[in-house]
Amino acid sequence: MFNRRAFTASVLAAIPAAGLMGTVAFAQDMREITFVQPSPSAINSFPVFVAIGEGYFEEEGLKVTVEAINGSGAVLQALSAGQAEFGRPGPGPLIAARSRGVDAVHIYNVAARSNFGVAVQEESEIQSVEELKGKVIGTGTADGAEVGFARNVMSSVGMTAGEDFEFLTVGDGGPATAAFLNGEIDAYSASTADTAILNQRGMPVRDITPAEFGRFFGNGIATMADTIANDRELVEGWSRAFARGHAFALDDANREAVLKHLADGNPQEGEDKEFQSALFDAVRSKTIPTDEAEHPGWYPAEVWQEWQDALVAGGEISAPLDDLGAAWTNEFAASGNEAVQ
């Protein structure tokens, strides 16, 4: 399943010299778990890498391995197959998966503010999404969160994929740049990171997404309902460590340490320090809770309803879920934030 590099927290490096037997015994007590993310970027999952680097997961008895796979659909497949305990899928793919019987649950709203947008080249004559009728919208993956987001945007102006416009999976970074240059796509459904990379690669783009979609939260932390029911201590421990990592990264006093942890997680992202810093700022800004949020990681029920309505209108699911409320919970984000002191 896994086809990209993995980053594993080293527990031994953080253990004081206490003799070989003590070290081995400590290591044996650690529980090894896997977190799957929909792209190789450490910055997009920064609370995880910060919690690893600061030792928060170790304090919960967890040794976390991070695996990068291709898109939210693959993340949900890994969770449902028992190949990972936690992942970071988008809300649209999670609702769609639940409509197929995959009992996955979002437990922390990471991208509390929309981290997606429909972008066009800076010099394009297209000024609004209404002007994309008959056009091609590129996406990074075939079934990722950016696809669901773009469906929502286009359905809001009465357009349906395959009838009024087309999706084309082109990848991200260089392939997306090439797709623009070759005229294969007229617009691109991009994450904050995707947009930053395109601009950095000399492909200036601008966002034409209607302002009202800024409240559509993006990818969050998910696990399976069975894990919550049968392994509650694990979910609580993960949530405490994750919330602490998020809080640490939001404090500018910790910036240097945070960027080091992210470079450890993805050395390629850390090669260009200026770009890494700018991308981190852009991604981090989307994780700051909205004014209505009760705490970091909090989910608004009404936006879940809007996500579902858009998926039904766009034909991505045939009917509303029997129990949309089972797709998410604020319980563990709340308890996690209680550990942030």
# chains A, B, ... in the order shown; residues from 1 in each chain; ligands from 1
call {"tool": "residues_around", "arguments": {"residues": "Ile185 of chain A", "least_positions_apart": "3", "cutoff": "10 Å", "atoms": "only C-alpha atoms", "output": "MDAnalysis selection string"}}
result
chainID A and resid 120 135:139 166:170 176:182 188
call {"tool": "write_last_selection", "arguments": {"atoms": "C-alpha atoms", "output": "mmCIF file, in the first residue's frame"}}
result
data_model
loop_
_atom_site.group_PDB
_atom_site.id
_atom_site.type_symbol
_atom_site.label_atom_id
_atom_site.label_comp_id
_atom_site.auth_asym_id
_atom_site.auth_seq_id
_atom_site.Cartn_x
_atom_site.Cartn_y
_atom_site.Cartn_z
ATOM 1 C CA VAL A 120 -6.337 30.039 -12.444
ATOM 2 C CA LYS A 135 -13.509 24.101 -19.083
ATOM 3 C CA VAL A 136 -11.158 21.594 -17.445
ATOM 4 C CA ILE A 137 -10.257 21.760 -13.737
ATOM 5 C CA GLY A 138 -7.087 19.986 -12.734
ATOM 6 C CA THR A 139 -6.758 18.096 -9.429
ATOM 7 C CA GLU A 166 -14.409 18.240 -16.598
ATOM 8 C CA PHE A 167 -11.984 17.128 -13.901
ATOM 9 C CA LEU A 168 -8.508 15.986 -14.931
ATOM 10 C CA THR A 169 -6.104 14.382 -12.467
ATOM 11 C CA VAL A 170 -2.708 15.969 -13.131
ATOM 12 C CA ALA A 176 0.372 20.710 -12.340
ATOM 13 C CA THR A 177 2.659 23.428 -13.679
ATOM 14 C CA ALA A 178 3.154 21.447 -16.887
ATOM 15 C CA ALA A 179 -0.603 20.926 -17.248
ATOM 16 C CA PHE A 180 -1.147 24.678 -17.142
ATOM 17 C CA LEU A 181 1.681 25.338 -19.594
ATOM 18 C CA ASN A 182 0.445 22.656 -22.025
ATOM 19 C CA TYR A 188 -6.676 23.928 -10.661
#
call {"tool": "closest_atom_pairs", "arguments": {"of": "segment 229-340 of chain A", "to": "segment 46-54 of chain A", "cutoff": "12 Å", "atoms": "only C-alpha atoms", "output": "tab-separated table"}}
result
residue	atom	partner	partner_atom	distance
A:Gly237	CA	A:Ala51	CA	11.7
A:Trp238	CA	A:Val48	CA	9.6
A:Ser239	CA	A:Val48	CA	10.4
A:Arg240	CA	A:Ala51	CA	9.6
A:Ala241	CA	A:Ala51	CA	6.0
A:Phe242	CA	A:Pro47	CA	6.0
A:Ala243	CA	A:Pro47	CA	7.5
A:Arg244	CA	A:Ala51	CA	6.8
A:Gly245	CA	A:Ala51	CA	4.3
A:His246	CA	A:Pro47	CA	4.5
A:Ala247	CA	A:Pro47	CA	8.1
A:Phe248	CA	A:Val50	CA	7.6
A:Ala249	CA	A:Pro47	CA	6.9
A:Leu250	CA	A:Pro47	CA	9.3
A:Asp251	CA	A:Val50	CA	12.0
A:Asn254	CA	A:Val50	CA	10.2
A:Arg255	CA	A:Val50	CA	10.6
A:Glu256	CA	A:Val50	CA	11.3
A:Ala257	CA	A:Val50	CA	8.4
A:Val258	CA	A:Val50	CA	6.1
A:Leu259	CA	A:Val50	CA	8.8
A:Lys260	CA	A:Gly53	CA	8.7
A:His261	CA	A:Gly53	CA	5.5
A:Leu262	CA	A:Phe49	CA	6.2
A:Ala263	CA	A:Phe49	CA	9.4
A:Asp264	CA	A:Phe49	CA	8.4
A:Gly265	CA	A:Phe49	CA	6.4
A:Asn266	CA	A:Phe49	CA	9.6
A:Gln276	CA	A:Phe46	CA	11.8
A:Leu279	CA	A:Phe46	CA	11.1
A:Phe280	CA	A:Phe46	CA	8.3
A:Asp281	CA	A:Phe46	CA	11.0
A:Ala282	CA	A:Phe46	CA	11.9
A:Val283	CA	A:Phe46	CA	8.8
A:Arg284	CA	A:Phe46	CA	8.2
A:Ser285	CA	A:Phe46	CA	11.9
A:Lys286	CA	A:Phe46	CA	11.9
A:Thr287	CA	A:Pro47	CA	10.0
A:Pro296	CA	A:Pro47	CA	11.9
A:Gly297	CA	A:Pro47	CA	11.5
call {"tool": "select_by_dssp", "arguments": {"residues": "segment 20-228 of chain A", "states": "strand (DSSP E or B)", "output": "VMD selection string"}}
result
chain A and resid 31 to 37 62 to 68 86 to 87 104 to 109 116 to 121 136 to 139 161 165 to 169 187 to 191 205 to 207 221 to 224
call {"tool": "write_last_selection", "arguments": {"atoms": "C-alpha atoms", "output": "compact mmCIF listing (two decimals), in the first residue's frame"}}
result
# COMPACT_ATOMS: atom_id res chain seq x y z
CA ARG A 31 3.16 1.03 21.40
CA GLU A 32 3.91 1.32 17.69
CA ILE A 33 1.17 2.97 15.63
CA THR A 34 0.91 4.37 12.11
CA PHE A 35 -0.40 7.71 10.89
CA VAL A 36 -1.19 8.06 7.16
CA GLN A 37 -1.26 11.40 5.37
CA LEU A 62 3.36 5.88 21.53
CA LYS A 63 5.95 5.42 18.81
CA VAL A 64 4.44 6.98 15.68
CA THR A 65 5.42 6.10 12.13
CA VAL A 66 4.18 8.48 9.43
CA GLU A 67 3.39 7.11 5.98
CA ALA A 68 2.55 9.29 2.98
CA PHE A 86 -4.96 7.50 12.42
CA GLY A 87 -5.02 9.50 9.18
CA ALA A 104 -14.41 6.32 9.85
CA VAL A 105 -14.76 9.28 12.21
CA HIS A 106 -13.15 12.73 12.22
CA ILE A 107 -11.84 13.61 15.70
CA TYR A 108 -9.86 16.87 15.20
CA ASN A 109 -10.53 19.72 12.78
CA PHE A 116 -8.50 24.74 -0.72
CA GLY A 117 -9.29 27.04 -3.56
CA VAL A 118 -9.99 26.99 -7.29
CA ALA A 119 -7.09 28.81 -8.93
CA VAL A 120 -6.34 30.04 -12.44
CA GLN A 121 -3.16 31.40 -13.96
CA VAL A 136 -11.16 21.59 -17.44
CA ILE A 137 -10.26 21.76 -13.74
CA GLY A 138 -7.09 19.99 -12.73
CA THR A 139 -6.76 18.10 -9.43
CA ALA A 161 -18.75 17.48 -13.43
CA PHE A 165 -17.02 21.00 -16.89
CA GLU A 166 -14.41 18.24 -16.60
CA PHE A 167 -11.98 17.13 -13.90
CA LEU A 168 -8.51 15.99 -14.93
CA THR A 169 -6.10 14.38 -12.47
CA ALA A 187 -8.05 25.94 -13.53
CA TYR A 188 -6.68 23.93 -10.66
CA SER A 189 -8.33 22.87 -7.41
CA ALA A 190 -5.45 23.52 -5.07
CA SER A 191 -4.57 23.36 -1.40
CA VAL A 205 -1.91 31.73 -9.86
CA ARG A 206 -4.84 33.55 -8.27
CA ASP A 207 -7.82 32.25 -6.38
CA ILE A 221 -7.61 13.71 11.93
CA ALA A 222 -9.68 10.54 11.57
CA THR A 223 -9.76 7.08 13.06
CA MET A 224 -12.19 4.18 12.89
call {"tool": "select_by_dssp", "arguments": {"residues": "segment 184-218 of chain A", "states": "helix (DSSP H, G or I)", "output": "VMD selection string"}}
result
chain A and resid 192 to 200 211 to 215
call {"tool": "closest_residue", "arguments": {"among": "A:Gly314, A:Arg215, A:Ala111, A:Val340", "to": "Ala301 of chain A", "atoms": "only C-alpha atoms"}}
result
A:Arg215
call {"tool": "residues_around", "arguments": {"residues": "Leu324 of chain A", "least_positions_apart": "6", "cutoff": "9 Å", "atoms": "only C-alpha atoms", "output": "JSON, numbers by chain"}}
result
{"A": [95, 304, 305, 308]}
call {"tool": "atom_distance", "arguments": {"atom1": "atom CA of Pro175 of chain A", "atom2": "atom CA of Gln268 of chain A"}}
result
17.5 Å
call {"tool": "residues_around", "arguments": {"residues": "Trp307 of chain A", "least_positions_apart": "2", "cutoff": "9 Å", "atoms": "only C-alpha atoms", "output": "list in words"}}
result
Pro91, Gly92, Ile95, Gly148, Phe149, Asn152, Phe216, Glu302, Val303, Trp304, Gln305, Asp309, Ala310, Leu311 and Val312 of chain A
call {"tool": "closest_residue", "arguments": {"among": "A:Met154, A:Ala96, A:Met203, A:Val110", "to": "Glu316 of chain A", "atoms": "only C-alpha atoms"}}
result
A:Ala96
call {"tool": "residues_around", "arguments": {"residues": "Asn219 of chain A", "least_positions_apart": "2", "cutoff": "6 Å", "atoms": "only C-alpha atoms", "output": "PDB file with N, CA, C and O atoms, in the first residue's frame"}}
result
ATOM      1  N   ARG A  88      -5.299  11.547   7.929  1.00  0.00           N
ATOM      2  CA  ARG A  88      -5.731  12.950   7.745  1.00  0.00           C
ATOM      3  C   ARG A  88      -6.484  13.086   6.422  1.00  0.00           C
ATOM      4  O   ARG A  88      -6.003  13.715   5.484  1.00  0.00           O
ATOM      5  N   PRO A  89      -7.706  12.550   6.333  1.00  0.00           N
ATOM      6  CA  PRO A  89      -8.504  12.678   5.115  1.00  0.00           C
ATOM      7  C   PRO A  89      -9.371  13.931   5.134  1.00  0.00           C
ATOM      8  O   PRO A  89      -9.583  14.549   6.176  1.00  0.00           O
ATOM      9  N   GLY A  90      -9.894  14.297   3.980  1.00  0.00           N
ATOM     10  CA  GLY A  90     -10.816  15.417   3.878  1.00  0.00           C
ATOM     11  C   GLY A  90     -12.223  15.013   4.279  1.00  0.00           C
ATOM     12  O   GLY A  90     -12.573  13.821   4.284  1.00  0.00           O
ATOM     13  N   ALA A 111      -7.636  21.636   9.563  1.00  0.00           N
ATOM     14  CA  ALA A 111      -7.792  22.784   8.657  1.00  0.00           C
ATOM     15  C   ALA A 111      -9.120  23.455   8.945  1.00  0.00           C
ATOM     16  O   ALA A 111     -10.095  23.301   8.207  1.00  0.00           O
TER      17      ALA A 111
END
call {"tool": "closest_residue", "arguments": {"among": "A:Gln77, A:Ser128, A:Asn337, A:Ser155", "to": "Glu236 of chain A", "atoms": "only C-alpha atoms"}}
result
A:Asn337
